[in-house]
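Note: the block below is target01.txt and it holds compact mmCIF, C-alpha atoms and all ligand atoms.
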```txt
# COMPACT_ATOMS: atom_id res chain seq x y z
CA MET A 1 86.06 108.66 89.12
CA GLU A 2 85.01 107.58 85.64
CA HIS A 3 86.17 104.19 84.47
CA HIS A 4 86.06 101.80 81.55
CA ASP A 5 86.10 98.01 81.86
CA LEU A 6 88.24 96.40 79.16
CA ARG A 7 86.51 93.90 76.89
CA GLY A 8 87.58 90.28 77.27
CA ALA A 9 89.06 88.29 80.14
CA PRO A 10 90.30 88.64 82.80
CA PRO A 11 88.28 91.74 83.74
CA VAL A 12 90.35 94.90 84.05
CA ARG A 13 89.07 98.27 85.14
CA VAL A 14 90.71 101.36 83.63
CA HIS A 15 90.25 104.50 85.73
CA LEU A 16 89.99 107.68 83.67
CA ARG A 17 91.67 110.77 85.07
CA HIS A 18 91.21 114.17 83.46
CA SER A 19 94.21 116.43 83.70
CA ALA A 20 94.50 120.06 82.66
CA ARG A 21 98.28 119.72 82.44
CA ALA A 22 98.52 116.50 80.39
CA ARG A 23 99.50 117.05 76.74
CA ARG A 24 98.68 113.52 75.58
CA MET A 25 97.06 110.34 76.88
CA SER A 26 99.14 108.15 79.16
CA LEU A 27 98.54 104.80 80.81
CA ARG A 28 99.89 103.77 84.19
CA VAL A 29 99.69 100.41 85.95
CA SER A 30 100.34 100.76 89.70
CA ARG A 31 102.92 98.34 91.09
CA LEU A 32 101.22 98.76 94.43
CA ASP A 33 97.88 97.17 93.68
CA GLY A 34 97.52 96.84 89.92
CA ARG A 35 95.31 99.86 89.54
CA VAL A 36 95.20 101.00 85.89
CA THR A 37 94.88 104.73 85.27
CA LEU A 38 94.50 106.46 81.93
CA THR A 39 95.23 110.18 82.04
CA LEU A 40 93.38 112.30 79.48
CA PRO A 41 94.26 115.83 78.40
CA ARG A 42 91.46 118.34 78.70
CA GLY A 43 88.95 118.12 75.83
CA MET A 44 89.86 114.55 74.81
CA PRO A 45 86.63 112.75 73.80
CA LEU A 46 85.78 109.79 76.01
CA ARG A 47 85.48 107.37 73.07
CA ALA A 48 89.02 108.23 71.92
CA ALA A 49 90.24 107.39 75.44
CA ILE A 50 88.36 104.08 75.45
CA ALA A 51 89.77 103.18 72.00
CA PHE A 52 93.28 104.06 73.27
CA ALA A 53 92.85 101.73 76.28
CA GLU A 54 91.36 98.89 74.21
CA GLU A 55 94.25 99.05 71.71
CA ARG A 56 96.63 98.53 74.61
CA ALA A 57 94.61 95.81 76.38
CA THR A 58 97.27 93.15 75.77
CA TRP A 59 100.01 95.42 77.11
CA ILE A 60 97.90 96.22 80.22
CA ARG A 61 97.11 92.56 80.94
CA GLY A 62 100.78 91.67 80.43
CA HIS A 63 101.85 94.23 83.02
CA LEU A 64 99.20 93.04 85.48
CA ALA A 65 100.38 89.45 85.08
CA GLU A 66 103.96 90.57 85.78
CA ILE A 67 102.98 92.36 88.99
CA GLY A 68 100.99 89.35 90.17
CA ALA A 69 97.36 89.47 91.20
CA PRO A 70 97.00 91.25 94.53
CA GLU A 71 96.06 88.79 97.24
CA ILE A 72 92.69 89.11 98.88
CA VAL A 73 92.78 88.80 102.67
CA GLY A 74 91.97 85.23 103.74
CA TRP A 75 92.99 82.50 106.20
CA GLY A 76 96.71 82.78 106.94
CA SER A 77 97.08 86.29 105.45
CA VAL A 78 99.40 88.57 107.39
CA LEU A 79 98.51 92.25 107.66
CA PRO A 80 99.39 94.97 110.14
CA VAL A 81 97.09 96.09 112.95
CA GLU A 82 98.37 99.02 115.03
CA GLY A 83 101.69 98.53 113.26
CA ARG A 84 102.08 94.87 114.33
CA PRO A 85 101.94 92.05 111.79
CA CYS A 86 98.91 89.87 112.51
CA THR A 87 97.90 86.53 111.01
CA VAL A 88 94.29 85.79 110.14
CA ILE A 89 93.33 82.66 112.12
CA ALA A 90 90.12 80.95 113.20
CA GLY A 91 88.89 81.92 116.65
CA PRO A 92 85.90 81.51 118.94
CA ARG A 93 84.69 84.97 117.89
CA SER A 94 85.87 87.62 115.45
CA ALA A 95 88.33 90.02 117.10
CA LEU A 96 91.58 91.92 116.46
CA ARG A 97 94.33 90.80 118.84
CA PRO A 98 97.43 92.78 117.78
CA GLU A 99 99.13 92.08 121.12
CA ALA A 100 98.99 88.37 120.19
CA GLY A 101 99.82 88.97 116.52
CA ALA A 102 96.43 87.59 115.53
CA ILE A 103 93.24 88.53 113.78
CA GLU A 104 90.67 85.99 114.89
CA VAL A 105 87.74 85.29 112.62
CA SER A 106 84.80 83.20 113.72
CA ALA A 107 84.12 80.07 111.67
CA ARG A 108 80.56 81.39 111.33
CA ALA A 109 81.69 84.57 109.56
CA ALA A 110 80.09 84.91 106.13
CA SER A 111 83.21 86.41 104.57
CA VAL A 112 86.78 86.41 105.91
CA PRO A 113 87.93 89.60 104.10
CA GLY A 114 84.61 91.33 104.89
CA THR A 115 84.91 90.45 108.58
CA VAL A 116 88.54 91.60 108.81
CA ALA A 117 87.70 94.88 107.02
CA GLY A 118 84.78 95.41 109.43
CA LEU A 119 87.02 94.87 112.48
CA VAL A 120 89.70 97.24 111.14
CA LYS A 121 87.08 99.90 110.35
CA ALA A 122 85.54 99.63 113.81
CA LEU A 123 88.96 100.02 115.44
CA ALA A 124 89.73 102.99 113.17
CA ARG A 125 86.48 104.69 114.12
CA GLU A 126 87.12 104.20 117.84
CA ARG A 127 90.75 105.39 117.71
CA LEU A 128 90.25 108.28 115.28
CA THR A 129 87.22 109.58 117.21
CA ALA A 130 89.13 109.46 120.53
CA ALA A 131 92.21 111.14 119.00
CA SER A 132 90.14 113.83 117.22
CA ASP A 133 88.19 114.52 120.43
CA ALA A 134 91.40 114.89 122.44
CA HIS A 135 93.13 117.19 119.92
CA ALA A 136 90.00 119.28 119.34
CA ALA A 137 89.60 119.73 123.11
CA ARG A 138 93.25 120.85 123.45
CA LEU A 139 92.83 123.27 120.58
CA GLY A 140 89.46 124.49 121.87
CA ARG A 141 87.89 124.02 118.40
CA PRO A 142 85.01 121.61 117.91
CA TYR A 143 84.78 119.57 114.70
CA GLY A 144 81.66 118.60 112.77
CA ARG A 145 81.60 114.90 112.08
CA ILE A 146 83.97 112.11 111.18
CA THR A 147 83.70 110.10 107.96
CA LEU A 148 85.84 107.04 107.25
CA ARG A 149 86.74 106.06 103.70
CA ASP A 150 89.17 103.86 101.85
CA THR A 151 91.11 106.68 100.22
CA ARG A 152 94.28 106.21 98.21
CA SER A 153 95.83 109.65 97.83
CA ARG A 154 95.31 111.10 101.29
CA TRP A 155 95.10 109.87 104.87
CA GLY A 156 92.66 112.51 105.99
CA SER A 157 91.03 115.82 105.20
CA CYS A 158 89.25 118.66 106.95
CA THR A 159 86.65 120.91 105.34
CA GLU A 160 86.03 124.61 106.04
CA ALA A 161 82.86 123.49 107.85
CA GLY A 162 84.96 121.32 110.17
CA ALA A 163 84.03 117.87 108.80
CA LEU A 164 86.88 115.39 109.23
CA MET A 165 87.56 112.49 106.86
CA TYR A 166 90.06 109.71 107.50
CA SER A 167 91.25 106.56 105.81
CA TRP A 168 90.22 103.59 107.96
CA ARG A 169 93.47 101.87 106.94
CA LEU A 170 95.13 104.10 109.55
CA ALA A 171 94.11 101.48 112.14
CA MET A 172 96.82 99.32 110.53
CA ALA A 173 99.50 101.96 111.24
CA PRO A 174 101.28 102.36 114.60
CA PRO A 175 98.98 104.22 117.06
CA ASP A 176 101.31 107.29 117.15
CA VAL A 177 100.99 107.64 113.38
CA LEU A 178 97.18 107.50 113.57
CA ASP A 179 97.33 110.09 116.33
CA TYR A 180 99.49 112.37 114.15
CA VAL A 181 96.98 112.22 111.25
CA ALA A 182 94.17 113.18 113.67
CA ALA A 183 96.33 116.07 114.98
CA HIS A 184 97.08 117.11 111.39
CA GLU A 185 93.40 117.30 110.42
CA VAL A 186 92.21 118.86 113.69
CA ALA A 187 94.95 121.53 113.37
CA HIS A 188 93.25 122.58 110.11
CA LEU A 189 90.29 123.69 112.25
CA ALA A 190 92.63 126.50 113.37
CA VAL A 191 94.64 127.08 110.16
CA MET A 192 93.42 125.77 106.80
CA ASP A 193 96.73 125.95 104.88
CA HIS A 194 100.13 124.29 105.46
CA SER A 195 101.94 127.49 106.49
CA ALA A 196 104.61 127.75 109.20
CA ARG A 197 101.85 128.96 111.51
CA TYR A 198 99.91 125.76 110.78
CA TRP A 199 102.87 123.45 111.51
CA ALA A 200 103.42 125.26 114.81
CA VAL A 201 99.84 124.27 115.77
CA VAL A 202 100.56 120.65 114.75
CA ARG A 203 103.78 120.62 116.79
CA GLY A 204 101.81 121.85 119.80
CA LEU A 205 99.43 118.88 119.47
CA CYS A 206 101.98 116.30 118.35
CA PRO A 207 105.64 117.21 119.07
CA ASP A 208 107.12 114.25 117.14
CA TYR A 209 105.00 114.82 114.05
CA GLU A 210 107.96 114.84 111.64
CA ALA A 211 108.86 111.22 112.43
CA HIS A 212 105.23 110.16 111.89
CA ARG A 213 105.01 112.00 108.55
CA ARG A 214 108.17 110.21 107.46
CA TRP A 215 106.72 106.85 108.53
CA LEU A 216 103.64 107.48 106.37
CA ARG A 217 105.76 108.44 103.36
CA GLU A 218 107.90 105.31 103.72
CA HIS A 219 105.36 102.75 104.88
CA GLY A 220 102.02 104.18 103.73
CA PRO A 221 101.95 101.94 100.62
CA GLU A 222 102.09 98.84 102.87
CA LEU A 223 98.78 99.90 104.41
CA HIS A 224 97.22 99.98 100.94
CA ARG A 225 98.38 96.50 99.97
CA PRO A 226 95.78 94.28 101.72
CA ARG A 227 92.72 93.82 99.54
CA PHE A 228 89.35 93.17 101.13
CA SER A 229 87.18 92.57 98.08
CA ALA A 230 87.40 90.83 94.77
CA ALA A 231 86.42 94.01 92.94
CA VAL A 232 88.89 94.95 90.21
CA PRO A 233 91.09 97.77 91.50
ZN ZN B 301 96.82 119.11 105.72
```
Could you rewrite the structure in this file as structure tokens?
Ligand SMILES: [Zn+2]
Amino acid sequence: MEHHDLRGAPPVRVHLRHSARARRMSLRVSRLDGRVTLTLPRGMPLRAAIAFAEERATWIRGHLAEIGAPEIVGWGSVLPVEGRPCTVIAGPRSALRPEAGAIEVSARAASVPGTVAGLVKALARERLTAASDAHAARLGRPYGRITLRDTRSRWGSCTEAGALMYSWRLAMAPPDVLDYVAAHEVAHLAVMDHSARYWAVVRGLCPDYEAHRRWLREHGPELHRPRFSAAVP
């Protein structure tokens, strides 16, 4: 996505979103993580959008101050792993220990947030690969490859060519919820749309899917809250 960094301090990144439906420019500051989005109607020149954002820089910074700077994961931070709250503590080696409510980070780790993100990603890859393999085998449809990303608007996707994409933050959700997202994407290997026929395939793979969808709607934003880098959102 295109962006513009506001002049002055503290640094603020404004994400530019083009919309065919928008009639005028509008600014939004996300309460979730302080992300600033400027929506532009089609045909609006970029410099007009940048001027619009700069004129409102004080308003934007005021809103961000009100929300409070999102906390970057560090010693003592609490974040979910497999749906269980875990505290970041020092340990003999870096490891996720959700059963003990702990994320252990070695004192030798170069970066605490970087190490925690790496552990969560590795767990996500292991769990999402196993779940996709199992659902694809049940469905009798092979998939292409799995890509993990830090997506905001969707938990997963499936292309016509059978490539699966997932948010690695799913490793923070309860295991059944992660399993549902894998079933959801693998089911698209059989039916690309979200028709009744499609949901029947999902139900076959994951009978309790409705409860897991609801969990994601209600608790999904909590999985987006932990920040792993100092980059402006
Ligand atoms: Zn879908």
Pairwise distance for CA of Thr129 in chain A and CA of Ala182 in chain A, rounded to one decimal in Å: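 We find that CA of Thr129 in chain A and CA of Ala182 in chain A lie 8.6 Å from each other.
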Write out as an mmCIF file with C-alpha atoms, in the frame of the given file the residues lying within 12 Å of Ala9 in chain A, counting all atoms listed in the file and excluding same-chain residues fewer than 3 positions away.
```cif
data_model
loop_
_atom_site.group_PDB
_atom_site.id
_atom_site.type_symbol
_atom_site.label_atom_id
_atom_site.label_comp_id
_atom_site.auth_asym_id
_atom_site.auth_seq_id
_atom_site.Cartn_x
_atom_site.Cartn_y
_atom_site.Cartn_z
ATOM 1 C CA ASP A 5 86.100 98.010 81.860
ATOM 2 C CA LEU A 6 88.240 96.400 79.160
ATOM 3 C CA VAL A 12 90.350 94.900 84.050
ATOM 4 C CA ARG A 13 89.070 98.270 85.140
ATOM 5 C CA ALA A 57 94.610 95.810 76.380
ATOM 6 C CA THR A 58 97.270 93.150 75.770
ATOM 7 C CA ILE A 60 97.900 96.220 80.220
ATOM 8 C CA ARG A 61 97.110 92.560 80.940
#
```
Residue contacts of Ala134 in chain A (12 Å, only C-alpha atoms) excluding same-chain residues fewer than 2 positions away, as a PyMOL selection string: chain A and resi 127-132+136-143+179-180+182-183+186-187+205-206
Nearby residues, (92.8, 86.6, 112.2) file frame, 6 Å, only C-alpha atoms, as an MDAnalysis selection string: chainID A and resid 87:89 102:105
Residue neighbourhood range 18-28 of chain A, 9 Å, only C-alpha atoms, exclusion window fewer than 6 positions, as an MDAnalysis selection string: chainID A and resid 35:44 49 52:53 60
Who sits within 6 Å of His3 in chain A, all atoms listed in the file, same chain under 2 positions skipped, as a VMD selection string: chain A and resid 14 to 16
Shell of 9 Å around ligand ZN 301 (chain B) (all atoms listed in the file), written as a ChimeraX atom specification: /A:156-158,181,184-185,187-188,192-194,198
Separation of CA of Ala95 in chain A from CA of Trp75 in chain A in Å: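 Answer for the CA of Trp75 in chain A to CA of Ala95 in chain A separation: 14.0 Å.
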Cut-off 9 Å around (98.5, 94.7, 87.1) with all atoms listed in the file: residues as a list in words: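 Output of the proximity query reads Val12, Val29, Ser30, Arg31, Leu32, Asp33, Gly34, Arg35, Val36, Ile60, Arg61, Gly62, His63, Leu64, Ala65, Glu66, Ile67, Gly68, Ala69 and Pro70 of chain A.
Comparing A:Val191, A:Ala117, A:Ala107, A:Leu46 by their smallest distance to Arg169 in chain A, the closest is A:Ala117 (using all atoms listed in the file).
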Interatomic distance, CA of Leu123 in chain A to CA of Glu218 in chain A (Å, one decimal):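 Between these atoms lies a distance of 22.9 Å.
Shortest separation to Val177 in chain A among A:Gly204, A:Gly114, A:Leu164, A:Glu82 occurs at residue A:Glu82, atoms counted being all atoms listed in the file.
Distance annotation: of A:Asp208, A:Ala124, A:Ile146, A:Ser195, the residue with the minimal separation from Leu96 in chain A is A:Ala124; atom set is only C-alpha atoms.
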